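Undergrad: Sending over protein.pdb (PDB, C-alpha atoms and all ligand atoms).
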```
MODEL        1
ATOM      1  CA  MET A1055     122.731   0.805  86.114  1.00  0.00           C
ATOM      2  CA  SER A1056     124.823   1.463  83.016  1.00  0.00           C
ATOM      3  CA  THR A1057     127.986   3.499  83.367  1.00  0.00           C
ATOM      4  CA  SER A1058     127.784   4.472  79.693  1.00  0.00           C
ATOM      5  CA  SER A1059     128.690   8.107  79.103  1.00  0.00           C
ATOM      6  CA  LYS A1060     125.705   8.387  76.761  1.00  0.00           C
ATOM      7  CA  SER A1061     123.086   6.918  79.048  1.00  0.00           C
ATOM      8  CA  LYS A1062     121.046  10.133  79.075  1.00  0.00           C
ATOM      9  CA  THR A1063     118.626  10.690  76.206  1.00  0.00           C
ATOM     10  CA  SER A1064     118.252  14.284  74.996  1.00  0.00           C
ATOM     11  CA  ASP A1065     114.946  15.663  73.667  1.00  0.00           C
ATOM     12  CA  GLN A1066     116.523  15.757  70.220  1.00  0.00           C
ATOM     13  CA  ASP A1067     117.576  12.092  70.471  1.00  0.00           C
ATOM     14  CA  MET A1068     114.049  11.189  71.584  1.00  0.00           C
ATOM     15  CA  SER A1069     112.324  12.987  68.733  1.00  0.00           C
ATOM     16  CA  ARG A1070     114.712  11.392  66.199  1.00  0.00           C
ATOM     17  CA  TRP A1071     113.990   8.023  67.755  1.00  0.00           C
ATOM     18  CA  GLN A1072     110.225   8.522  67.625  1.00  0.00           C
ATOM     19  CA  ALA A1073     110.442   9.533  63.958  1.00  0.00           C
ATOM     20  CA  PHE A1074     112.466   6.393  63.269  1.00  0.00           C
ATOM     21  CA  VAL A1075     109.949   4.144  65.054  1.00  0.00           C
ATOM     22  CA  HIS A1076     107.108   5.744  63.084  1.00  0.00           C
ATOM     23  CA  ARG A1077     109.004   5.099  59.859  1.00  0.00           C
ATOM     24  CA  CYS A1078     109.381   1.422  60.807  1.00  0.00           C
ATOM     25  CA  GLN A1079     105.747   1.056  61.844  1.00  0.00           C
ATOM     26  CA  THR A1080     104.487   2.389  58.528  1.00  0.00           C
ATOM     27  CA  CYS A1081     107.018   0.532  56.361  1.00  0.00           C
ATOM     28  CA  LYS A1082     105.614  -1.571  53.532  1.00  0.00           C
ATOM     29  CA  ALA A1083     108.851  -1.933  51.602  1.00  0.00           C
ATOM     30  CA  CYS A1084     108.823  -5.739  51.385  1.00  0.00           C
ATOM     31  CA  PRO A1085     106.213  -8.514  51.164  1.00  0.00           C
ATOM     32  CA  LEU A1086     106.504  -9.303  54.904  1.00  0.00           C
ATOM     33  CA  ALA A1087     104.304  -6.229  55.527  1.00  0.00           C
ATOM     34  CA  VAL A1088     101.280  -8.124  54.219  1.00  0.00           C
ATOM     35  CA  SER A1089     101.108 -10.855  56.870  1.00  0.00           C
ATOM     36  CA  ARG A1090     102.524  -9.067  59.942  1.00  0.00           C
ATOM     37  CA  LYS A1091     100.461  -8.099  62.983  1.00  0.00           C
ATOM     38  CA  HIS A1092     103.104  -5.717  64.356  1.00  0.00           C
ATOM     39  CA  VAL A1093     106.381  -4.258  63.189  1.00  0.00           C
ATOM     40  CA  VAL A1094     108.898  -5.351  65.816  1.00  0.00           C
ATOM     41  CA  VAL A1095     111.471  -2.607  66.323  1.00  0.00           C
ATOM     42  CA  TRP A1096     113.273  -3.017  69.637  1.00  0.00           C
ATOM     43  CA  ARG A1097     113.263  -3.469  73.366  1.00  0.00           C
ATOM     44  CA  GLY A1098     115.796  -2.166  75.886  1.00  0.00           C
ATOM     45  CA  GLY A1099     117.552   1.201  76.036  1.00  0.00           C
ATOM     46  CA  ILE A1100     117.664   3.543  73.053  1.00  0.00           C
ATOM     47  CA  ASN A1101     121.215   4.679  73.894  1.00  0.00           C
ATOM     48  CA  ALA A1102     122.463   1.286  75.048  1.00  0.00           C
ATOM     49  CA  PRO A1103     126.137   0.357  74.596  1.00  0.00           C
ATOM     50  CA  LEU A1104     125.254  -3.243  73.614  1.00  0.00           C
ATOM     51  CA  MET A1105     123.244  -4.174  70.508  1.00  0.00           C
ATOM     52  CA  ILE A1106     121.788  -7.700  70.508  1.00  0.00           C
ATOM     53  CA  LEU A1107     120.679  -8.855  67.074  1.00  0.00           C
ATOM     54  CA  GLY A1108     118.562 -11.855  66.155  1.00  0.00           C
ATOM     55  CA  GLU A1109     117.025 -13.055  62.921  1.00  0.00           C
ATOM     56  CA  GLY A1110     113.404 -11.909  62.840  1.00  0.00           C
ATOM     57  CA  PRO A1111     110.212 -11.864  64.901  1.00  0.00           C
ATOM     58  CA  GLY A1112     108.419 -15.122  65.725  1.00  0.00           C
ATOM     59  CA  ALA A1113     104.731 -15.602  66.506  1.00  0.00           C
ATOM     60  CA  GLU A1114     104.834 -14.147  70.035  1.00  0.00           C
ATOM     61  CA  GLU A1115     106.983 -11.227  68.941  1.00  0.00           C
ATOM     62  CA  ASP A1116     104.595 -10.503  66.058  1.00  0.00           C
ATOM     63  CA  ARG A1117     101.628 -10.663  68.451  1.00  0.00           C
ATOM     64  CA  LEU A1118     103.170  -8.396  71.098  1.00  0.00           C
ATOM     65  CA  GLY A1119     105.305  -6.108  68.913  1.00  0.00           C
ATOM     66  CA  LYS A1120     108.547  -6.719  70.840  1.00  0.00           C
ATOM     67  CA  PRO A1121     111.598  -8.842  70.015  1.00  0.00           C
ATOM     68  CA  PHE A1122     112.539 -11.957  71.983  1.00  0.00           C
ATOM     69  CA  VAL A1123     109.468 -12.292  74.166  1.00  0.00           C
ATOM     70  CA  GLY A1124     108.750 -15.996  73.526  1.00  0.00           C
ATOM     71  CA  ARG A1125     110.658 -18.985  74.921  1.00  0.00           C
ATOM     72  CA  SER A1126     113.912 -17.858  73.283  1.00  0.00           C
ATOM     73  CA  GLY A1127     113.447 -14.461  74.867  1.00  0.00           C
ATOM     74  CA  GLN A1128     112.979 -16.015  78.282  1.00  0.00           C
ATOM     75  CA  LEU A1129     116.319 -17.802  77.937  1.00  0.00           C
ATOM     76  CA  LEU A1130     117.969 -14.609  76.698  1.00  0.00           C
ATOM     77  CA  ASP A1131     116.517 -12.631  79.618  1.00  0.00           C
ATOM     78  CA  LEU A1132     117.734 -15.275  82.049  1.00  0.00           C
ATOM     79  CA  LEU A1133     121.291 -14.983  80.723  1.00  0.00           C
ATOM     80  CA  LEU A1134     121.120 -11.183  80.745  1.00  0.00           C
ATOM     81  CA  SER A1135     119.915 -11.143  84.342  1.00  0.00           C
ATOM     82  CA  ILE A1136     122.532 -13.696  85.513  1.00  0.00           C
ATOM     83  CA  PHE A1137     125.222 -11.396  84.131  1.00  0.00           C
ATOM     84  CA  GLU A1138     123.470  -8.333  85.599  1.00  0.00           C
ATOM     85  CA  PHE A1139     122.643  -6.529  82.390  1.00  0.00           C
ATOM     86  CA  THR A1140     119.864  -3.983  82.880  1.00  0.00           C
ATOM     87  CA  GLU A1141     117.521  -2.614  80.208  1.00  0.00           C
ATOM     88  CA  ASP A1142     119.730   0.482  79.904  1.00  0.00           C
ATOM     89  CA  ASP A1143     122.687  -1.718  78.951  1.00  0.00           C
ATOM     90  CA  TYR A1144     121.215  -3.453  75.907  1.00  0.00           C
ATOM     91  CA  HIS A1145     119.099  -2.812  72.831  1.00  0.00           C
ATOM     92  CA  ILE A1146     117.527  -5.881  71.211  1.00  0.00           C
ATOM     93  CA  ALA A1147     116.526  -5.907  67.538  1.00  0.00           C
ATOM     94  CA  ASN A1148     116.389  -8.229  64.535  1.00  0.00           C
ATOM     95  CA  ILE A1149     117.679  -8.340  60.972  1.00  0.00           C
ATOM     96  CA  VAL A1150     114.077  -7.982  59.720  1.00  0.00           C
ATOM     97  CA  LYS A1151     111.318  -6.202  61.627  1.00  0.00           C
ATOM     98  CA  CYS A1152     108.323  -8.179  60.337  1.00  0.00           C
ATOM     99  CA  ARG A1153     107.652 -11.860  60.870  1.00  0.00           C
ATOM    100  CA  PRO A1154     108.511 -14.213  58.014  1.00  0.00           C
ATOM    101  CA  PRO A1155     105.477 -16.548  57.663  1.00  0.00           C
ATOM    102  CA  GLY A1156     105.913 -19.881  59.442  1.00  0.00           C
ATOM    103  CA  ASN A1157     109.075 -18.596  61.169  1.00  0.00           C
ATOM    104  CA  ARG A1158     111.141 -19.277  58.066  1.00  0.00           C
ATOM    105  CA  VAL A1159     114.535 -17.620  57.633  1.00  0.00           C
ATOM    106  CA  PRO A1160     114.249 -14.144  56.031  1.00  0.00           C
ATOM    107  CA  THR A1161     115.281 -14.148  52.379  1.00  0.00           C
ATOM    108  CA  PRO A1162     118.289 -12.082  51.253  1.00  0.00           C
ATOM    109  CA  GLU A1163     115.835  -9.743  49.482  1.00  0.00           C
ATOM    110  CA  GLU A1164     113.798  -9.183  52.671  1.00  0.00           C
ATOM    111  CA  ALA A1165     116.972  -8.556  54.666  1.00  0.00           C
ATOM    112  CA  ALA A1166     118.147  -6.100  51.992  1.00  0.00           C
ATOM    113  CA  TYR A1167     114.839  -4.207  52.070  1.00  0.00           C
ATOM    114  CA  CYS A1168     115.038  -3.922  55.856  1.00  0.00           C
ATOM    115  CA  GLN A1169     118.746  -3.075  55.998  1.00  0.00           C
ATOM    116  CA  PRO A1170     118.354   0.739  55.698  1.00  0.00           C
ATOM    117  CA  LEU A1171     116.093   0.692  58.768  1.00  0.00           C
ATOM    118  CA  LEU A1172     118.593  -1.369  60.721  1.00  0.00           C
ATOM    119  CA  SER A1173     121.436   0.937  59.641  1.00  0.00           C
ATOM    120  CA  GLU A1174     119.478   3.942  60.854  1.00  0.00           C
ATOM    121  CA  GLN A1175     118.754   2.147  64.129  1.00  0.00           C
ATOM    122  CA  LEU A1176     122.481   1.526  64.625  1.00  0.00           C
ATOM    123  CA  ARG A1177     123.266   5.177  63.866  1.00  0.00           C
ATOM    124  CA  LEU A1178     120.737   6.302  66.470  1.00  0.00           C
ATOM    125  CA  VAL A1179     121.695   3.832  69.209  1.00  0.00           C
ATOM    126  CA  ARG A1180     125.466   3.980  68.489  1.00  0.00           C
ATOM    127  CA  PRO A1181     126.386   0.714  70.267  1.00  0.00           C
ATOM    128  CA  LYS A1182     129.997  -0.119  70.994  1.00  0.00           C
ATOM    129  CA  VAL A1183     129.484  -3.878  71.324  1.00  0.00           C
ATOM    130  CA  TYR A1184     127.346  -6.271  69.250  1.00  0.00           C
ATOM    131  CA  LEU A1185     126.051  -9.730  70.101  1.00  0.00           C
ATOM    132  CA  LEU A1186     124.940 -11.575  66.952  1.00  0.00           C
ATOM    133  CA  MET A1187     122.635 -14.431  67.890  1.00  0.00           C
ATOM    134  CA  GLY A1188     122.488 -17.254  65.390  1.00  0.00           C
ATOM    135  CA  ALA A1189     123.709 -17.986  61.875  1.00  0.00           C
ATOM    136  CA  THR A1190     121.235 -15.680  60.119  1.00  0.00           C
ATOM    137  CA  ALA A1191     122.114 -12.595  62.178  1.00  0.00           C
ATOM    138  CA  TYR A1192     125.805 -13.395  61.705  1.00  0.00           C
ATOM    139  CA  ARG A1193     125.497 -13.913  57.952  1.00  0.00           C
ATOM    140  CA  TYR A1194     123.386 -10.858  57.156  1.00  0.00           C
ATOM    141  CA  PHE A1195     125.287  -8.573  59.520  1.00  0.00           C
ATOM    142  CA  THR A1196     128.833  -9.545  58.527  1.00  0.00           C
ATOM    143  CA  GLY A1197     128.246 -10.778  54.965  1.00  0.00           C
ATOM    144  CA  GLU A1198     130.220 -13.934  55.848  1.00  0.00           C
ATOM    145  CA  ASP A1199     128.816 -17.440  55.476  1.00  0.00           C
ATOM    146  CA  ASN A1200     130.738 -19.414  58.129  1.00  0.00           C
ATOM    147  CA  ALA A1201     129.028 -21.948  60.377  1.00  0.00           C
ATOM    148  CA  ILE A1202     128.013 -20.287  63.635  1.00  0.00           C
ATOM    149  CA  SER A1203     129.625 -23.145  65.600  1.00  0.00           C
ATOM    150  CA  ARG A1204     132.997 -22.158  64.067  1.00  0.00           C
ATOM    151  CA  VAL A1205     132.810 -18.413  64.666  1.00  0.00           C
ATOM    152  CA  ARG A1206     130.960 -18.194  67.987  1.00  0.00           C
ATOM    153  CA  GLY A1207     132.916 -17.066  71.015  1.00  0.00           C
ATOM    154  CA  ARG A1208     135.495 -15.099  68.989  1.00  0.00           C
ATOM    155  CA  TRP A1209     135.578 -11.320  68.858  1.00  0.00           C
ATOM    156  CA  ILE A1210     135.472  -9.509  65.545  1.00  0.00           C
ATOM    157  CA  VAL A1211     136.756  -5.928  65.688  1.00  0.00           C
ATOM    158  CA  SER A1212     135.357  -3.610  63.030  1.00  0.00           C
ATOM    159  CA  ASN A1213     135.125   0.193  62.891  1.00  0.00           C
ATOM    160  CA  ASN A1214     136.188   0.434  66.514  1.00  0.00           C
ATOM    161  CA  CYS A1215     133.302  -1.825  67.580  1.00  0.00           C
ATOM    162  CA  TYR A1216     133.422  -5.307  69.097  1.00  0.00           C
ATOM    163  CA  ILE A1217     131.231  -7.999  67.566  1.00  0.00           C
ATOM    164  CA  LEU A1218     130.619 -11.380  69.199  1.00  0.00           C
ATOM    165  CA  PRO A1219     128.728 -14.123  67.336  1.00  0.00           C
ATOM    166  CA  THR A1220     126.959 -16.709  69.472  1.00  0.00           C
ATOM    167  CA  PHE A1221     124.179 -19.282  69.166  1.00  0.00           C
ATOM    168  CA  HIS A1222     120.540 -18.305  68.838  1.00  0.00           C
ATOM    169  CA  PRO A1223     118.671 -19.144  72.092  1.00  0.00           C
ATOM    170  CA  ALA A1224     116.173 -21.230  70.061  1.00  0.00           C
ATOM    171  CA  TYR A1225     119.063 -23.502  69.101  1.00  0.00           C
ATOM    172  CA  ILE A1226     120.015 -23.946  72.758  1.00  0.00           C
ATOM    173  CA  LEU A1227     116.406 -24.852  73.562  1.00  0.00           C
ATOM    174  CA  ARG A1228     116.595 -27.561  70.888  1.00  0.00           C
ATOM    175  CA  ASP A1229     120.058 -28.768  71.956  1.00  0.00           C
ATOM    176  CA  PRO A1230     120.652 -27.955  75.658  1.00  0.00           C
ATOM    177  CA  ARG A1231     124.122 -29.564  75.512  1.00  0.00           C
ATOM    178  CA  LYS A1232     125.325 -26.304  73.922  1.00  0.00           C
ATOM    179  CA  LYS A1233     124.130 -24.248  76.897  1.00  0.00           C
ATOM    180  CA  THR A1234     127.588 -24.126  78.475  1.00  0.00           C
ATOM    181  CA  LEU A1235     129.081 -22.644  75.297  1.00  0.00           C
ATOM    182  CA  MET A1236     126.480 -19.899  75.191  1.00  0.00           C
ATOM    183  CA  TRP A1237     127.110 -19.229  78.879  1.00  0.00           C
ATOM    184  CA  GLN A1238     130.829 -18.851  78.088  1.00  0.00           C
ATOM    185  CA  ASP A1239     129.998 -16.370  75.325  1.00  0.00           C
ATOM    186  CA  PHE A1240     127.937 -14.285  77.739  1.00  0.00           C
ATOM    187  CA  ALA A1241     130.808 -14.321  80.233  1.00  0.00           C
ATOM    188  CA  MET A1242     133.134 -13.035  77.461  1.00  0.00           C
ATOM    189  CA  LEU A1243     130.585 -10.392  76.559  1.00  0.00           C
ATOM    190  CA  ARG A1244     130.294  -9.231  80.165  1.00  0.00           C
ATOM    191  CA  GLU A1245     134.069  -9.031  80.539  1.00  0.00           C
ATOM    192  CA  LYS A1246     134.336  -6.931  77.373  1.00  0.00           C
ATOM    193  CA  MET A1247     131.667  -4.535  78.671  1.00  0.00           C
ATOM    194  CA  GLU A1248     133.746  -4.094  81.829  1.00  0.00           C
ATOM    195  CA  GLU A1249     137.025  -3.742  79.956  1.00  0.00           C
ATOM    196  CA  LEU A1250     135.493  -0.944  77.858  1.00  0.00           C
ATOM    197  CA  LEU A1251     134.095   0.693  81.032  1.00  0.00           C
ATOM    198  CA  LEU A1252     130.559   0.276  79.700  1.00  0.00           C
ATOM    199  CA  MET A1253     129.374  -1.626  82.786  1.00  0.00           C
ATOM    200  CA  PRO A1254     130.560  -1.861  86.380  1.00  0.00           C
ATOM    201  CA  PRO A1255     132.465  -4.999  87.457  1.00  0.00           C
ATOM    202  CA  LEU A1256     130.374  -8.067  88.133  1.00  0.00           C
ATOM    203  CA  TYR A1257     130.763  -9.601  91.575  1.00  0.00           C
ATOM    204  CA  ARG A1258     132.521 -12.925  90.906  1.00  0.00           C
ATOM    205  CA  GLY A1259     132.944 -14.105  94.488  1.00  0.00           C
ATOM    206  CA  THR A1260     136.153 -14.536  96.458  1.00  0.00           C
ATOM    207  CA  SER A1261     138.726 -17.279  96.169  1.00  0.00           C
ATOM    208  CA  SER A1262     139.333 -18.420  99.738  1.00  0.00           C
TER     209      SER A1262
HETATM  210  S1  LIG A1301     110.482  -6.452  57.161  1.00  0.00           S
HETATM  211 FE1  LIG A1301     111.452  -4.431  57.181  1.00  0.00          FE
HETATM  212  S2  LIG A1301     111.457  -3.757  55.018  1.00  0.00           S
HETATM  213 FE2  LIG A1301     109.944  -5.427  55.214  1.00  0.00          FE
HETATM  214  S3  LIG A1301     107.993  -4.354  55.580  1.00  0.00           S
HETATM  215 FE3  LIG A1301     108.865  -4.928  57.570  1.00  0.00          FE
HETATM  216  S4  LIG A1301     109.984  -3.099  58.254  1.00  0.00           S
HETATM  217 FE4  LIG A1301     109.624  -2.883  56.030  1.00  0.00          FE
ENDMDL
END
```
Take the structure in this file and express it as structure tokens.
TA:
Amino acid sequence: MSTSSKSKTSDQDMSRWQAFVHRCQTCKACPLAVSRKHVVVWRGGINAPLMILGEGPGAEEDRLGKPFVGRSGQLLDLLLSIFEFTEDDYHIANIVKCRPPGNRVPTPEEAAYCQPLLSEQLRLVRPKVYLLMGATAYRYFTGEDNAISRVRGRWIVSNNCYILPTFHPAYILRDPRKKTLMWQDFAMLREKMEELLLMPPLYRGTSS
């Protein structure tokens, strides 16, 4: 269970959240609205201290209306469970909330249209720590264009928040040799959550 001081959701928070979700579900601001099956808003806790951001929904996410529920999501969930994150600890979302056809990268225009919704989501959830998964999430979130392999595993501190870029799980599925690096990033993430008193210490065994 999360030790976050804001783990309880007030009625006011809940009604704001429901209004936000309704706004997302009825959004037709960009051309991605035409081909989507579902608007994919989030999964996890709505007051979670950790925000996990990916690029955009894929086919399974579009079908089910939740982010990271396909093969990439299974790998993400495995890592989250190994490091004992619960649903109250994280909030998973994407740069764009509707599926780009053929799983292409969202265009800058699509990301810009969706950005006000993401900003509102961040204001409502108020995370302290961010995990940016993949080059697209990193680029659109930070405005920087560095290769993800160069910036992953290094903390960025901005506005009193801690931001950690890492690989997208789909990349690890294509190139399993990078799995160890992503594992290291999750270990760093877990340690930061503890350091900030956002999660209880993880049992790491004894050195005998
Ligand atoms: S991707 Fe974002 S801006 Fe575009 S229609 Fe969907 S919710 Fe609206």
Undergrad: If the box runs along x, y and z of the file and leaves 3 Å on each side of ligand LIG 1301 (chain A), what are its centre and edge lengths in Å, one decimal, as AutoDock Vina command-line options?
TA:
```
--center_x 109.7 --center_y -4.7 --center_z 56.6 --size_x 9.5 --size_y 9.6 --size_z 9.2
```
Undergrad: For Arg1180 of chain A, list every protein, DNA or RNA residue within 9 Å, evaluated using all atoms listed in the file, and leave out those in the same chain fewer than 5 positions away; present the list as number ranges by chain.
TA: A: 1101-1105, 1175
Undergrad: Do you have the atom CA of Leu1107 of chain A-atom CA of Ile1146 of chain A distance handy?
TA: 6.0 Å
Undergrad: Apply the PyMOL selection byres (((chain A and resi 1163) around 12) and not hetatm) to the displayed file and report the matching residues as a ChimeraX atom specification.
TA: /A:1083-1086,1149-1150,1159-1162,1164-1169,1194
Undergrad: Generate a file of the selected residues that holds C-alpha atoms, formatted as a PDB file, in the coordinates of the input.
TA:
```
ATOM      1  CA  ALA A1083     108.851  -1.933  51.602  1.00  0.00           C
ATOM      2  CA  CYS A1084     108.823  -5.739  51.385  1.00  0.00           C
ATOM      3  CA  PRO A1085     106.213  -8.514  51.164  1.00  0.00           C
ATOM      4  CA  LEU A1086     106.504  -9.303  54.904  1.00  0.00           C
ATOM      5  CA  ILE A1149     117.679  -8.340  60.972  1.00  0.00           C
ATOM      6  CA  VAL A1150     114.077  -7.982  59.720  1.00  0.00           C
ATOM      7  CA  VAL A1159     114.535 -17.620  57.633  1.00  0.00           C
ATOM      8  CA  PRO A1160     114.249 -14.144  56.031  1.00  0.00           C
ATOM      9  CA  THR A1161     115.281 -14.148  52.379  1.00  0.00           C
ATOM     10  CA  PRO A1162     118.289 -12.082  51.253  1.00  0.00           C
ATOM     11  CA  GLU A1164     113.798  -9.183  52.671  1.00  0.00           C
ATOM     12  CA  ALA A1165     116.972  -8.556  54.666  1.00  0.00           C
ATOM     13  CA  ALA A1166     118.147  -6.100  51.992  1.00  0.00           C
ATOM     14  CA  TYR A1167     114.839  -4.207  52.070  1.00  0.00           C
ATOM     15  CA  CYS A1168     115.038  -3.922  55.856  1.00  0.00           C
ATOM     16  CA  GLN A1169     118.746  -3.075  55.998  1.00  0.00           C
ATOM     17  CA  TYR A1194     123.386 -10.858  57.156  1.00  0.00           C
TER      18      TYR A1194
END
```
Undergrad: Measuring between all atoms listed in the file, which one of A:His1222, A:Lys1151, A:Arg1158, A:Lys1091 shows the shortest distance to ligand LIG 1301 (chain A)?
TA: A:Lys1151
Undergrad: For Ala1113 of chain A, please output as a list of chain:residue names all residues within 10 Å (counting only C-alpha atoms; exclusion window: fewer than 6 positions along the same chain).
TA: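 Once the adjacent positions are removed, what remains is A:Arg1090, A:Lys1091, A:Gly1119, A:Val1123, A:Gly1124, A:Arg1153, A:Pro1154, A:Pro1155, A:Gly1156, A:Asn1157.
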Undergrad: Going by the chain IDs and residue numbers used in this file, which residues fall under the PyMOL selection byres (((chain A and resi 1143) around 7) and not hetatm)? Write them as a PyMOL selection string.
TA: chain A and resi 1056+1099+1102-1104+1139-1142+1144
Undergrad: Residues as selected, C-alpha atoms, written as a compact mmCIF listing (two decimals), in the frame of the given file, can you do that?
TA:
```
# COMPACT_ATOMS: atom_id res chain seq x y z
CA SER A 1056 124.82 1.46 83.02
CA GLY A 1099 117.55 1.20 76.04
CA ALA A 1102 122.46 1.29 75.05
CA PRO A 1103 126.14 0.36 74.60
CA LEU A 1104 125.25 -3.24 73.61
CA PHE A 1139 122.64 -6.53 82.39
CA THR A 1140 119.86 -3.98 82.88
CA GLU A 1141 117.52 -2.61 80.21
CA ASP A 1142 119.73 0.48 79.90
CA TYR A 1144 121.22 -3.45 75.91
```
Undergrad: Can you measure atom CA of Gly1098 of chain A to atom FE3 of ligand LIG 1301 (chain A) for me? One decimal in Å is fine.
TA: 19.8 Å
Undergrad: Written as a list in words, what is the full residue list that the PyMOL selection byres (((chain A and resi 1126-1134) around 9) and not hetatm) yields on the file shown?
TA: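 For this structure, the PyMOL selection byres (((chain A and resi 1126-1134) around 9) and not hetatm) captures Pro1121, Phe1122, Val1123, Gly1124, Arg1125, Ser1135, Ile1136, Phe1137, Glu1138, Phe1139, Thr1140, His1222, Pro1223, Ala1224, Tyr1225, Ile1226, Leu1227, Trp1237 and Phe1240 of chain A.
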Undergrad: In Å, with one decimal, what is the gap from atom CA of Leu1250 of chain A to atom CA of Lys1182 of chain A?
TA: 8.8 Å
Undergrad: I need the residue nearest ligand LIG 1301 (chain A) from this list: A:Leu1251, A:Ala1147, A:Val1094, A:Leu1178. Use all atoms listed in the file for the distance.
TA: A:Val1094
Undergrad: Using all atoms listed in the file for the distances, tell me which of A:Leu1252, A:Val1093, A:Leu1172, A:Leu1218 is nearest to Val1205 of chain A.
TA: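 The shortest atom-to-atom distance to Val1205 of chain A comes from A:Leu1218.
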Undergrad: Using all atoms listed in the file for the distances, tell me which of A:Thr1220, A:Ser1089, A:Ser1212, A:Gln1238 is nearest to ligand LIG 1301 (chain A).
TA: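 For ligand LIG 1301 (chain A), the nearest of the candidates is A:Ser1089.
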Undergrad: Could you name the residues that touch Trp1209 of chain A at 10 Å or less, counting all atoms listed in the file, but leaving out those on the same chain fewer than 5 positions away, as a CSV table (one decimal) with C-alpha atoms, keeping the file's coordinate frame?
TA:
```
chain,number,residue,atom,x,y,z
A,1183,VAL,CA,129.5,-3.9,71.3
A,1184,TYR,CA,127.3,-6.3,69.2
A,1185,LEU,CA,126.1,-9.7,70.1
A,1215,CYS,CA,133.3,-1.8,67.6
A,1216,TYR,CA,133.4,-5.3,69.1
A,1217,ILE,CA,131.2,-8.0,67.6
A,1218,LEU,CA,130.6,-11.4,69.2
A,1219,PRO,CA,128.7,-14.1,67.3
A,1239,ASP,CA,130.0,-16.4,75.3
A,1242,MET,CA,133.1,-13.0,77.5
A,1243,LEU,CA,130.6,-10.4,76.6
A,1246,LYS,CA,134.3,-6.9,77.4
```
Undergrad: Go through A:Lys1233, A:Arg1077, A:Arg1097, A:His1092 and flag the residue nearest Leu1118 of chain A, using only C-alpha atoms for the distances.
TA: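 For Leu1118 of chain A, the nearest of the given residues is A:His1092.
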